[in-house]
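Content type mmCIF, N, CA and C atoms, from the file run_8.cif:
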data_protein
#
loop_
_atom_site.label_atom_id
_atom_site.label_comp_id
_atom_site.auth_asym_id
_atom_site.auth_seq_id
_atom_site.Cartn_x
_atom_site.Cartn_y
_atom_site.Cartn_z
N MET A 1 97.09 -1.34 15.11
CA MET A 1 97.98 -1.98 16.06
C MET A 1 99.02 -2.77 15.28
N SER A 2 100.27 -2.64 15.65
CA SER A 2 101.35 -3.31 14.94
C SER A 2 101.38 -4.80 15.27
N LEU A 3 102.06 -5.54 14.39
CA LEU A 3 102.21 -6.98 14.60
C LEU A 3 102.92 -7.26 15.92
N LYS A 4 103.89 -6.43 16.27
CA LYS A 4 104.62 -6.62 17.53
C LYS A 4 103.68 -6.47 18.72
N ASN A 5 102.80 -5.48 18.69
CA ASN A 5 101.85 -5.28 19.79
C ASN A 5 100.87 -6.44 19.90
N VAL A 6 100.35 -6.90 18.76
CA VAL A 6 99.43 -8.04 18.76
C VAL A 6 100.13 -9.27 19.33
N ASN A 7 101.34 -9.52 18.88
CA ASN A 7 102.10 -10.67 19.36
C ASN A 7 102.39 -10.57 20.86
N THR A 8 102.69 -9.38 21.33
CA THR A 8 102.96 -9.18 22.76
C THR A 8 101.70 -9.47 23.58
N VAL A 9 100.57 -9.01 23.11
CA VAL A 9 99.31 -9.28 23.81
C VAL A 9 99.02 -10.78 23.82
N LEU A 10 99.18 -11.45 22.67
CA LEU A 10 98.93 -12.89 22.60
C LEU A 10 99.87 -13.67 23.52
N ALA A 11 101.15 -13.34 23.48
CA ALA A 11 102.12 -14.04 24.32
C ALA A 11 101.88 -13.76 25.81
N SER A 12 101.52 -12.53 26.14
CA SER A 12 101.23 -12.18 27.54
C SER A 12 100.00 -12.93 28.04
N ALA A 13 98.96 -12.96 27.23
CA ALA A 13 97.75 -13.70 27.61
C ALA A 13 98.06 -15.18 27.79
N GLY A 14 98.88 -15.71 26.89
CA GLY A 14 99.27 -17.12 27.01
C GLY A 14 100.04 -17.38 28.29
N ALA A 15 100.99 -16.50 28.60
CA ALA A 15 101.79 -16.67 29.81
C ALA A 15 100.91 -16.61 31.06
N LEU A 16 100.01 -15.64 31.11
CA LEU A 16 99.13 -15.51 32.28
C LEU A 16 98.21 -16.72 32.42
N PHE A 17 97.69 -17.20 31.29
CA PHE A 17 96.81 -18.38 31.34
C PHE A 17 97.57 -19.60 31.84
N VAL A 18 98.76 -19.82 31.32
CA VAL A 18 99.54 -20.99 31.72
C VAL A 18 99.95 -20.89 33.20
N LEU A 19 100.29 -19.70 33.66
CA LEU A 19 100.61 -19.51 35.08
C LEU A 19 99.38 -19.83 35.95
N TYR A 20 98.22 -19.33 35.54
CA TYR A 20 96.97 -19.60 36.28
C TYR A 20 96.68 -21.10 36.28
N LEU A 21 96.79 -21.73 35.13
CA LEU A 21 96.51 -23.16 35.03
C LEU A 21 97.46 -23.96 35.93
N GLY A 22 98.74 -23.60 35.89
CA GLY A 22 99.71 -24.30 36.73
C GLY A 22 99.40 -24.15 38.20
N LEU A 23 99.11 -22.92 38.62
CA LEU A 23 98.78 -22.70 40.04
C LEU A 23 97.51 -23.45 40.45
N SER A 24 96.53 -23.51 39.57
CA SER A 24 95.30 -24.22 39.93
C SER A 24 95.55 -25.72 40.11
N PHE A 25 96.43 -26.30 39.30
CA PHE A 25 96.76 -27.72 39.47
C PHE A 25 97.62 -27.96 40.71
N ILE A 26 98.46 -26.98 41.06
CA ILE A 26 99.30 -27.13 42.25
C ILE A 26 98.46 -26.98 43.53
N LEU A 27 97.61 -25.95 43.57
CA LEU A 27 96.87 -25.63 44.79
C LEU A 27 95.60 -26.45 44.98
N THR A 28 94.88 -26.72 43.89
CA THR A 28 93.61 -27.45 43.99
C THR A 28 93.48 -28.47 42.86
N PRO A 29 94.31 -29.52 42.89
CA PRO A 29 94.27 -30.48 41.78
C PRO A 29 92.91 -31.18 41.63
N GLU A 30 92.21 -31.39 42.74
CA GLU A 30 90.93 -32.11 42.68
C GLU A 30 89.85 -31.32 41.95
N THR A 31 89.91 -30.00 41.98
CA THR A 31 88.91 -29.20 41.29
C THR A 31 89.34 -28.85 39.86
N SER A 32 90.62 -28.95 39.57
CA SER A 32 91.12 -28.62 38.23
C SER A 32 91.00 -29.78 37.26
N THR A 33 91.04 -30.99 37.76
CA THR A 33 91.11 -32.17 36.91
C THR A 33 89.88 -32.42 36.05
N PRO A 34 88.66 -32.24 36.54
CA PRO A 34 87.52 -32.58 35.68
C PRO A 34 87.51 -31.84 34.34
N GLY A 35 88.13 -30.71 34.24
CA GLY A 35 88.11 -29.93 33.02
C GLY A 35 89.10 -30.36 31.95
N VAL A 36 89.99 -31.30 32.23
CA VAL A 36 91.00 -31.66 31.25
C VAL A 36 90.54 -32.70 30.24
N GLY A 37 89.41 -33.35 30.51
CA GLY A 37 88.84 -34.27 29.54
C GLY A 37 89.12 -35.74 29.76
N LEU A 38 89.87 -36.09 30.79
CA LEU A 38 90.11 -37.51 31.07
C LEU A 38 88.87 -38.10 31.74
N PRO A 39 88.57 -39.37 31.45
CA PRO A 39 87.32 -39.94 31.95
C PRO A 39 87.30 -40.29 33.44
N ASN A 40 88.47 -40.54 34.04
CA ASN A 40 88.49 -41.01 35.43
C ASN A 40 89.46 -40.20 36.27
N TRP A 41 89.08 -40.02 37.54
CA TRP A 41 89.99 -39.43 38.52
C TRP A 41 91.02 -40.48 38.88
N PRO A 42 92.29 -40.12 39.00
CA PRO A 42 93.31 -41.12 39.36
C PRO A 42 92.98 -41.77 40.70
N GLU A 43 93.24 -43.07 40.77
CA GLU A 43 92.96 -43.81 42.01
C GLU A 43 94.12 -43.64 42.98
N GLY A 44 93.81 -43.77 44.27
CA GLY A 44 94.83 -43.67 45.30
C GLY A 44 95.33 -42.25 45.45
N ASP A 45 96.64 -42.10 45.50
CA ASP A 45 97.25 -40.79 45.70
C ASP A 45 97.67 -40.18 44.35
N GLY A 46 96.74 -40.18 43.41
CA GLY A 46 97.04 -39.70 42.06
C GLY A 46 97.17 -38.20 41.93
N ASP A 47 96.76 -37.46 42.96
CA ASP A 47 96.83 -36.01 42.83
C ASP A 47 98.28 -35.51 42.78
N GLY A 48 99.23 -36.34 43.19
CA GLY A 48 100.64 -35.96 43.07
C GLY A 48 101.04 -35.77 41.62
N PHE A 49 100.47 -36.59 40.73
CA PHE A 49 100.75 -36.43 39.31
C PHE A 49 100.16 -35.13 38.78
N LEU A 50 99.03 -34.74 39.33
CA LEU A 50 98.40 -33.50 38.90
C LEU A 50 99.21 -32.29 39.35
N VAL A 51 99.80 -32.37 40.54
CA VAL A 51 100.66 -31.30 41.01
C VAL A 51 101.89 -31.20 40.10
N MET A 52 102.41 -32.36 39.66
CA MET A 52 103.54 -32.34 38.71
C MET A 52 103.14 -31.64 37.42
N LYS A 53 101.92 -31.91 36.94
CA LYS A 53 101.42 -31.23 35.75
C LYS A 53 101.35 -29.73 36.01
N GLY A 54 100.91 -29.34 37.18
CA GLY A 54 100.82 -27.93 37.52
C GLY A 54 102.18 -27.26 37.54
N ILE A 55 103.17 -27.96 38.07
CA ILE A 55 104.53 -27.41 38.11
C ILE A 55 105.06 -27.24 36.68
N ARG A 56 104.77 -28.21 35.82
CA ARG A 56 105.18 -28.10 34.41
C ARG A 56 104.54 -26.88 33.76
N GLU A 57 103.24 -26.72 33.96
CA GLU A 57 102.52 -25.59 33.37
C GLU A 57 103.07 -24.26 33.91
N PHE A 58 103.26 -24.19 35.22
CA PHE A 58 103.75 -22.96 35.85
C PHE A 58 105.13 -22.61 35.31
N SER A 59 106.00 -23.60 35.19
CA SER A 59 107.34 -23.37 34.66
C SER A 59 107.29 -22.84 33.23
N MET A 60 106.40 -23.40 32.43
CA MET A 60 106.26 -22.93 31.05
C MET A 60 105.82 -21.47 31.01
N GLY A 61 104.91 -21.10 31.89
CA GLY A 61 104.46 -19.71 31.97
C GLY A 61 105.58 -18.77 32.38
N LEU A 62 106.42 -19.22 33.31
CA LEU A 62 107.56 -18.40 33.74
C LEU A 62 108.54 -18.17 32.60
N VAL A 63 108.80 -19.19 31.81
CA VAL A 63 109.72 -19.06 30.68
C VAL A 63 109.19 -18.03 29.69
N ILE A 64 107.91 -18.12 29.35
CA ILE A 64 107.31 -17.16 28.42
C ILE A 64 107.42 -15.75 29.00
N GLY A 65 107.07 -15.60 30.28
CA GLY A 65 107.11 -14.30 30.92
C GLY A 65 108.50 -13.69 30.96
N ILE A 66 109.50 -14.50 31.28
CA ILE A 66 110.86 -14.00 31.35
C ILE A 66 111.36 -13.56 29.97
N LEU A 67 111.04 -14.32 28.94
CA LEU A 67 111.46 -13.93 27.59
C LEU A 67 110.74 -12.66 27.14
N LEU A 68 109.49 -12.50 27.54
CA LEU A 68 108.76 -11.27 27.22
C LEU A 68 109.39 -10.06 27.92
N VAL A 69 109.65 -10.21 29.21
CA VAL A 69 110.18 -9.09 29.99
C VAL A 69 111.57 -8.69 29.53
N THR A 70 112.38 -9.66 29.17
CA THR A 70 113.76 -9.35 28.78
C THR A 70 113.88 -8.96 27.31
N GLY A 71 112.79 -9.09 26.55
CA GLY A 71 112.80 -8.66 25.15
C GLY A 71 113.47 -9.61 24.18
N HIS A 72 113.66 -10.84 24.56
CA HIS A 72 114.26 -11.84 23.67
C HIS A 72 113.17 -12.43 22.79
N ARG A 73 112.71 -11.66 21.83
CA ARG A 73 111.53 -12.02 21.05
C ARG A 73 111.77 -13.21 20.13
N ARG A 74 112.92 -13.30 19.50
CA ARG A 74 113.18 -14.44 18.61
C ARG A 74 113.19 -15.74 19.41
N ALA A 75 113.85 -15.72 20.56
CA ALA A 75 113.85 -16.90 21.44
C ALA A 75 112.43 -17.21 21.91
N LEU A 76 111.65 -16.17 22.19
CA LEU A 76 110.26 -16.37 22.60
C LEU A 76 109.48 -17.10 21.53
N GLY A 77 109.66 -16.73 20.28
CA GLY A 77 108.97 -17.42 19.18
C GLY A 77 109.32 -18.89 19.14
N TRP A 78 110.60 -19.22 19.26
CA TRP A 78 111.02 -20.62 19.23
C TRP A 78 110.51 -21.38 20.46
N VAL A 79 110.54 -20.75 21.62
CA VAL A 79 110.05 -21.40 22.84
C VAL A 79 108.55 -21.67 22.73
N LEU A 80 107.80 -20.72 22.21
CA LEU A 80 106.36 -20.95 22.04
C LEU A 80 106.09 -22.13 21.11
N LEU A 81 106.84 -22.22 20.04
CA LEU A 81 106.67 -23.38 19.16
C LEU A 81 106.97 -24.68 19.91
N MET A 82 108.02 -24.67 20.72
CA MET A 82 108.37 -25.86 21.50
C MET A 82 107.29 -26.16 22.53
N GLU A 83 106.78 -25.13 23.19
CA GLU A 83 105.79 -25.35 24.23
C GLU A 83 104.43 -25.78 23.69
N ALA A 84 104.19 -25.58 22.41
CA ALA A 84 102.94 -26.04 21.80
C ALA A 84 102.86 -27.57 21.80
N VAL A 85 103.99 -28.22 22.00
CA VAL A 85 104.02 -29.69 22.05
C VAL A 85 103.29 -30.21 23.29
N ALA A 86 103.37 -29.49 24.41
CA ALA A 86 102.75 -29.96 25.67
C ALA A 86 101.23 -30.10 25.55
N PRO A 87 100.48 -29.08 25.11
CA PRO A 87 99.04 -29.29 24.98
C PRO A 87 98.69 -30.28 23.87
N PHE A 88 99.54 -30.37 22.85
CA PHE A 88 99.31 -31.39 21.81
C PHE A 88 99.43 -32.78 22.42
N GLY A 89 100.45 -32.96 23.27
CA GLY A 89 100.60 -34.24 23.98
C GLY A 89 99.43 -34.51 24.91
N ASP A 90 98.91 -33.47 25.57
CA ASP A 90 97.73 -33.63 26.42
C ASP A 90 96.54 -34.08 25.59
N MET A 91 96.39 -33.53 24.38
CA MET A 91 95.30 -33.92 23.50
C MET A 91 95.41 -35.41 23.14
N ILE A 92 96.61 -35.84 22.78
CA ILE A 92 96.83 -37.25 22.44
C ILE A 92 96.54 -38.13 23.65
N ASN A 93 96.96 -37.69 24.84
CA ASN A 93 96.73 -38.45 26.07
C ASN A 93 95.24 -38.62 26.34
N VAL A 94 94.48 -37.54 26.22
CA VAL A 94 93.03 -37.61 26.46
C VAL A 94 92.39 -38.57 25.45
N LEU A 95 92.76 -38.46 24.18
CA LEU A 95 92.19 -39.35 23.17
C LEU A 95 92.59 -40.81 23.41
N ALA A 96 93.85 -41.04 23.79
CA ALA A 96 94.33 -42.40 24.02
C ALA A 96 93.65 -43.06 25.21
N HIS A 97 93.18 -42.26 26.17
CA HIS A 97 92.53 -42.81 27.35
C HIS A 97 91.01 -42.69 27.28
N HIS A 98 90.50 -42.59 26.05
CA HIS A 98 89.05 -42.57 25.79
C HIS A 98 88.35 -41.46 26.55
N GLY A 99 89.01 -40.32 26.62
CA GLY A 99 88.41 -39.15 27.26
C GLY A 99 87.53 -38.39 26.29
N SER A 100 87.13 -37.24 26.69
CA SER A 100 86.24 -36.40 25.90
C SER A 100 86.93 -35.91 24.63
N VAL A 101 86.36 -36.25 23.49
CA VAL A 101 86.91 -35.80 22.22
C VAL A 101 86.79 -34.28 22.12
N ALA A 102 85.67 -33.75 22.62
CA ALA A 102 85.47 -32.29 22.60
C ALA A 102 86.55 -31.59 23.41
N ALA A 103 86.88 -32.12 24.59
CA ALA A 103 87.92 -31.51 25.41
C ALA A 103 89.29 -31.70 24.76
N ALA A 104 89.52 -32.86 24.18
CA ALA A 104 90.81 -33.12 23.54
C ALA A 104 91.10 -32.10 22.45
N PHE A 105 90.14 -31.92 21.55
CA PHE A 105 90.35 -31.00 20.44
C PHE A 105 90.04 -29.55 20.82
N GLY A 106 88.97 -29.35 21.58
CA GLY A 106 88.53 -28.00 21.91
C GLY A 106 89.39 -27.29 22.93
N ILE A 107 89.95 -28.03 23.86
CA ILE A 107 90.80 -27.41 24.89
C ILE A 107 92.27 -27.56 24.49
N HIS A 108 92.73 -28.79 24.42
CA HIS A 108 94.15 -29.06 24.22
C HIS A 108 94.61 -28.78 22.78
N GLY A 109 93.86 -29.26 21.81
CA GLY A 109 94.23 -29.04 20.41
C GLY A 109 94.21 -27.56 20.05
N LEU A 110 93.16 -26.86 20.47
CA LEU A 110 93.05 -25.44 20.18
C LEU A 110 94.16 -24.65 20.89
N THR A 111 94.43 -25.02 22.13
CA THR A 111 95.52 -24.35 22.86
C THR A 111 96.85 -24.55 22.15
N SER A 112 97.12 -25.76 21.72
CA SER A 112 98.36 -26.05 21.01
C SER A 112 98.46 -25.22 19.73
N ALA A 113 97.36 -25.14 19.00
CA ALA A 113 97.36 -24.37 17.75
C ALA A 113 97.59 -22.88 18.02
N LEU A 114 96.93 -22.34 19.04
CA LEU A 114 97.09 -20.92 19.36
C LEU A 114 98.51 -20.58 19.79
N ILE A 115 99.10 -21.46 20.59
CA ILE A 115 100.49 -21.23 21.03
C ILE A 115 101.43 -21.30 19.83
N ALA A 116 101.24 -22.29 18.96
CA ALA A 116 102.10 -22.42 17.78
C ALA A 116 101.94 -21.23 16.84
N ILE A 117 100.70 -20.78 16.62
CA ILE A 117 100.47 -19.62 15.76
C ILE A 117 101.13 -18.38 16.33
N THR A 118 101.02 -18.19 17.64
CA THR A 118 101.66 -17.04 18.28
C THR A 118 103.17 -17.12 18.09
N GLY A 119 103.74 -18.30 18.27
CA GLY A 119 105.18 -18.47 18.06
C GLY A 119 105.58 -18.16 16.63
N LEU A 120 104.80 -18.62 15.65
CA LEU A 120 105.11 -18.34 14.25
C LEU A 120 104.99 -16.85 13.93
N LEU A 121 103.97 -16.20 14.50
CA LEU A 121 103.82 -14.75 14.29
C LEU A 121 105.00 -13.98 14.85
N ILE A 122 105.47 -14.39 16.02
CA ILE A 122 106.63 -13.71 16.61
C ILE A 122 107.89 -13.96 15.78
N LEU A 123 108.05 -15.18 15.29
CA LEU A 123 109.20 -15.45 14.42
C LEU A 123 109.11 -14.64 13.13
N ARG A 124 107.92 -14.49 12.60
CA ARG A 124 107.73 -13.66 11.39
C ARG A 124 108.08 -12.21 11.68
N GLU A 125 107.60 -11.72 12.82
CA GLU A 125 107.89 -10.33 13.23
C GLU A 125 109.38 -10.12 13.38
N THR A 126 110.05 -11.03 14.06
CA THR A 126 111.48 -10.86 14.30
C THR A 126 112.28 -11.07 13.03
N GLY A 127 111.81 -11.90 12.13
CA GLY A 127 112.49 -12.07 10.85
C GLY A 127 112.46 -10.79 10.04
N LYS A 128 111.30 -10.11 10.03
CA LYS A 128 111.20 -8.83 9.33
C LYS A 128 112.09 -7.78 9.98
N ALA A 129 112.15 -7.78 11.30
CA ALA A 129 112.98 -6.81 12.02
C ALA A 129 114.46 -7.05 11.71
N ASP A 130 114.86 -8.33 11.63
CA ASP A 130 116.26 -8.64 11.30
C ASP A 130 116.62 -8.13 9.92
N LYS A 131 115.71 -8.31 8.95
CA LYS A 131 115.97 -7.84 7.59
C LYS A 131 116.06 -6.31 7.55
N ALA A 132 115.19 -5.64 8.29
CA ALA A 132 115.21 -4.17 8.34
C ALA A 132 116.51 -3.68 8.98
N ASP A 133 116.95 -4.35 10.05
CA ASP A 133 118.20 -3.96 10.71
C ASP A 133 119.39 -4.11 9.76
N LYS A 134 119.41 -5.19 9.02
CA LYS A 134 120.51 -5.42 8.08
C LYS A 134 120.50 -4.37 6.98
N ALA A 135 119.31 -4.01 6.51
CA ALA A 135 119.21 -2.98 5.48
C ALA A 135 119.68 -1.63 6.01
N ASP A 136 119.30 -1.30 7.25
CA ASP A 136 119.74 -0.04 7.86
C ASP A 136 121.25 0.00 8.01
N LYS A 137 121.83 -1.10 8.43
CA LYS A 137 123.28 -1.14 8.61
C LYS A 137 124.00 -1.00 7.27
N ALA A 138 123.41 -1.59 6.23
CA ALA A 138 124.03 -1.49 4.90
C ALA A 138 123.97 -0.06 4.40
N ASP A 139 122.85 0.64 4.69
CA ASP A 139 122.72 2.03 4.26
C ASP A 139 123.69 2.95 5.01
N LYS A 140 123.98 2.64 6.25
CA LYS A 140 124.82 3.50 7.08
C LYS A 140 126.31 3.16 6.97
N ALA A 141 126.64 2.07 6.30
CA ALA A 141 128.04 1.66 6.19
C ALA A 141 128.80 2.67 5.35
N PRO A 142 130.02 3.00 5.75
CA PRO A 142 130.80 3.97 4.97
C PRO A 142 131.18 3.36 3.60
N ALA A 143 131.23 4.23 2.62
CA ALA A 143 131.60 3.78 1.28
C ALA A 143 133.07 3.39 1.29
N PRO A 144 133.42 2.36 0.57
CA PRO A 144 134.84 1.95 0.54
C PRO A 144 135.69 3.04 -0.14
N ALA A 145 136.88 3.23 0.38
CA ALA A 145 137.79 4.24 -0.17
C ALA A 145 138.22 3.78 -1.56
N SER A 146 138.34 4.71 -2.47
CA SER A 146 138.75 4.35 -3.82
C SER A 146 140.24 4.02 -3.81
N ALA A 147 140.61 3.14 -4.67
CA ALA A 147 142.01 2.73 -4.76
C ALA A 147 142.82 3.84 -5.41
N ALA A 148 144.05 3.97 -5.01
CA ALA A 148 144.93 5.00 -5.58
C ALA A 148 145.15 4.70 -7.05
N GLN A 149 145.18 5.76 -7.85
CA GLN A 149 145.43 5.62 -9.28
C GLN A 149 146.93 5.52 -9.52
N PRO A 150 147.37 4.58 -10.34
CA PRO A 150 148.80 4.53 -10.64
C PRO A 150 149.20 5.73 -11.52
N ALA A 151 150.40 6.21 -11.35
CA ALA A 151 150.88 7.39 -12.08
C ALA A 151 151.37 7.08 -13.44
#
Representation of the structure as structure tokens:
Amino acid sequence: MSLKNVNTVLASAGALFVLYLGLSFILTPETSTPGVGLPNWPEGDGDGFLVMKGIREFSMGLVIGILLVTGHRRALGWVLLMEAVAPFGDMINVLAHHGSVAAAFGIHGLTSALIAITGLLILRETGKADKADKADKADKAPAPASAAQPA
């Protein structure tokens, strides 16, 4: 399996997971929250914040999906690197609020690392493709015409 195929599978799985996660926070925030690692359920009408988290996650999944479908692979690599910041921030948030260390590192930290690695792999793939394209263009370029000889 080529690097491009592996990267496509990883990015597709990531997009589907983030879309699922976002929808679960939007539709059923009360059942999605216990798994994030925070020690307490928000008091009062705190589920509105969870719906906001769901919308953020869903939007991130849409961005990944659109870049995959349109074939903008270099942009996809950069976006994945950028989006790895969100689960990293979630990890810091869980740790800062004395939540589950296992969830902080095992869920959020691992997710951040996987997204960043996928982004780096795609950037590596597209970097190699760019070099190959430039080499092909150089090979196909017409030879320069020789200068006229003076008489």
Which residues of range 42-141 of chain A come within 7 Å of range 16-26 of chain A, and what is each one's closest atom pair and distance in Å (one decimal), counting only C-alpha atoms, sorted by chain and residue number, as JSON lines?
{"residue": "A:Leu50", "atom": "CA", "partner": "A:Phe25", "partner_atom": "CA", "distance": 6.0}
{"residue": "A:Val51", "atom": "CA", "partner": "A:Ile26", "partner_atom": "CA", "distance": 4.6}
{"residue": "A:Lys53", "atom": "CA", "partner": "A:Phe25", "partner_atom": "CA", "distance": 6.9}
{"residue": "A:Gly54", "atom": "CA", "partner": "A:Gly22", "partner_atom": "CA", "distance": 3.9}
{"residue": "A:Ile55", "atom": "CA", "partner": "A:Gly22", "partner_atom": "CA", "distance": 5.9}
{"residue": "A:Glu57", "atom": "CA", "partner": "A:Gly22", "partner_atom": "CA", "distance": 4.6}
{"residue": "A:Phe58", "atom": "CA", "partner": "A:Gly22", "partner_atom": "CA", "distance": 4.3}
{"residue": "A:Gly61", "atom": "CA", "partner": "A:Leu19", "partner_atom": "CA", "distance": 5.0}
Review point. Which parts of range 16-137 of chain A does DSSP call alpha helix (DSSP H) when run on the backbone here, written out as an MDAnalysis selection string?
Key: chainID A and resid 16:27 29:32 47:70 73:83 85:96 101:103 110:137
Practice item. Please provide as number ranges by chain all residues within 6 Å of range 113-120 of chain A, with the sequence filter that same-chain residues fewer than 2 positions apart are discarded (counting only N, CA and C atoms). Key: A: 76-78, 80-81, 84, 108-111, 122-125
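Each of A:Gly127, A:Gly99, A:Pro87, A:Gly106 was checked against Met60 in chain A using only C-alpha atoms; the smallest atom-to-atom distance is that of A:Pro87.
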Check your understanding: What do you get, as a list of chain:residue names, if you spell out every residue that the PyMOL selection byres (((chain A and resi 31-44 and name CA) around 7) and name CA) selects here?
Key -> A:Ser24, A:Phe25, A:Thr28, A:Pro29, A:Glu30, A:Asp45, A:Gly46, A:Val94, A:His97, A:His98, A:Gly99, A:Ser100, A:Ala103, A:Ala104
Any chance you could export the current selection's N, CA and C atoms as a PDB file, keeping the file's coordinate frame?
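result-v8.pdb, freshly written:
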ATOM      1  N   SER A  24      96.530 -23.510  39.570  1.00  0.00           N
ATOM      2  CA  SER A  24      95.300 -24.220  39.930  1.00  0.00           C
ATOM      3  C   SER A  24      95.550 -25.720  40.110  1.00  0.00           C
ATOM      4  N   PHE A  25      96.430 -26.300  39.300  1.00  0.00           N
ATOM      5  CA  PHE A  25      96.760 -27.720  39.470  1.00  0.00           C
ATOM      6  C   PHE A  25      97.620 -27.960  40.710  1.00  0.00           C
ATOM      7  N   THR A  28      94.880 -26.720  43.890  1.00  0.00           N
ATOM      8  CA  THR A  28      93.610 -27.450  43.990  1.00  0.00           C
ATOM      9  C   THR A  28      93.480 -28.470  42.860  1.00  0.00           C
ATOM     10  N   PRO A  29      94.310 -29.520  42.890  1.00  0.00           N
ATOM     11  CA  PRO A  29      94.270 -30.480  41.780  1.00  0.00           C
ATOM     12  C   PRO A  29      92.910 -31.180  41.630  1.00  0.00           C
ATOM     13  N   GLU A  30      92.210 -31.390  42.740  1.00  0.00           N
ATOM     14  CA  GLU A  30      90.930 -32.110  42.680  1.00  0.00           C
ATOM     15  C   GLU A  30      89.850 -31.320  41.950  1.00  0.00           C
ATOM     16  N   ASP A  45      96.640 -42.100  45.500  1.00  0.00           N
ATOM     17  CA  ASP A  45      97.250 -40.790  45.700  1.00  0.00           C
ATOM     18  C   ASP A  45      97.670 -40.180  44.350  1.00  0.00           C
ATOM     19  N   GLY A  46      96.740 -40.180  43.410  1.00  0.00           N
ATOM     20  CA  GLY A  46      97.040 -39.700  42.060  1.00  0.00           C
ATOM     21  C   GLY A  46      97.170 -38.200  41.930  1.00  0.00           C
ATOM     22  N   VAL A  94      94.480 -37.540  26.220  1.00  0.00           N
ATOM     23  CA  VAL A  94      93.030 -37.610  26.460  1.00  0.00           C
ATOM     24  C   VAL A  94      92.390 -38.570  25.450  1.00  0.00           C
ATOM     25  N   HIS A  97      93.180 -42.260  26.170  1.00  0.00           N
ATOM     26  CA  HIS A  97      92.530 -42.810  27.350  1.00  0.00           C
ATOM     27  C   HIS A  97      91.010 -42.690  27.280  1.00  0.00           C
ATOM     28  N   HIS A  98      90.500 -42.590  26.050  1.00  0.00           N
ATOM     29  CA  HIS A  98      89.050 -42.570  25.790  1.00  0.00           C
ATOM     30  C   HIS A  98      88.350 -41.460  26.550  1.00  0.00           C
ATOM     31  N   GLY A  99      89.010 -40.320  26.620  1.00  0.00           N
ATOM     32  CA  GLY A  99      88.410 -39.150  27.260  1.00  0.00           C
ATOM     33  C   GLY A  99      87.530 -38.390  26.290  1.00  0.00           C
ATOM     34  N   SER A 100      87.130 -37.240  26.690  1.00  0.00           N
ATOM     35  CA  SER A 100      86.240 -36.400  25.900  1.00  0.00           C
ATOM     36  C   SER A 100      86.930 -35.910  24.630  1.00  0.00           C
ATOM     37  N   ALA A 103      86.880 -32.120  24.590  1.00  0.00           N
ATOM     38  CA  ALA A 103      87.920 -31.510  25.410  1.00  0.00           C
ATOM     39  C   ALA A 103      89.290 -31.700  24.760  1.00  0.00           C
ATOM     40  N   ALA A 104      89.520 -32.860  24.180  1.00  0.00           N
ATOM     41  CA  ALA A 104      90.810 -33.120  23.540  1.00  0.00           C
ATOM     42  C   ALA A 104      91.100 -32.100  22.450  1.00  0.00           C
TER      43      ALA A 104
END
Exercise for review: Can you work out the spacing between atom N of Val69 in chain A and CA of Thr126 in chain A in Å, to one decimal?
Suggested key: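 Answer for the atom N of Val69 in chain A to CA of Thr126 in chain A separation: 15.0 Å.
The spacing separating CA of Asn5 in chain A from atom C of Ile107 in chain A amounts to 24.7 Å.
Between atom C of Thr70 in chain A and CA of Met1 in chain A the interatomic distance comes to 20.7 Å.
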Hey, can I get the axis-aligned box for range 102-114 of chain A? All listed atoms, 6 Å padding on each side, centre and edge lengths in Å to one decimal, as AutoDock Vina command-line options.
--center_x 92.0 --center_y -27.2 --center_z 21.6 --size_x 25.0 --size_y 25.2 --size_z 19.7
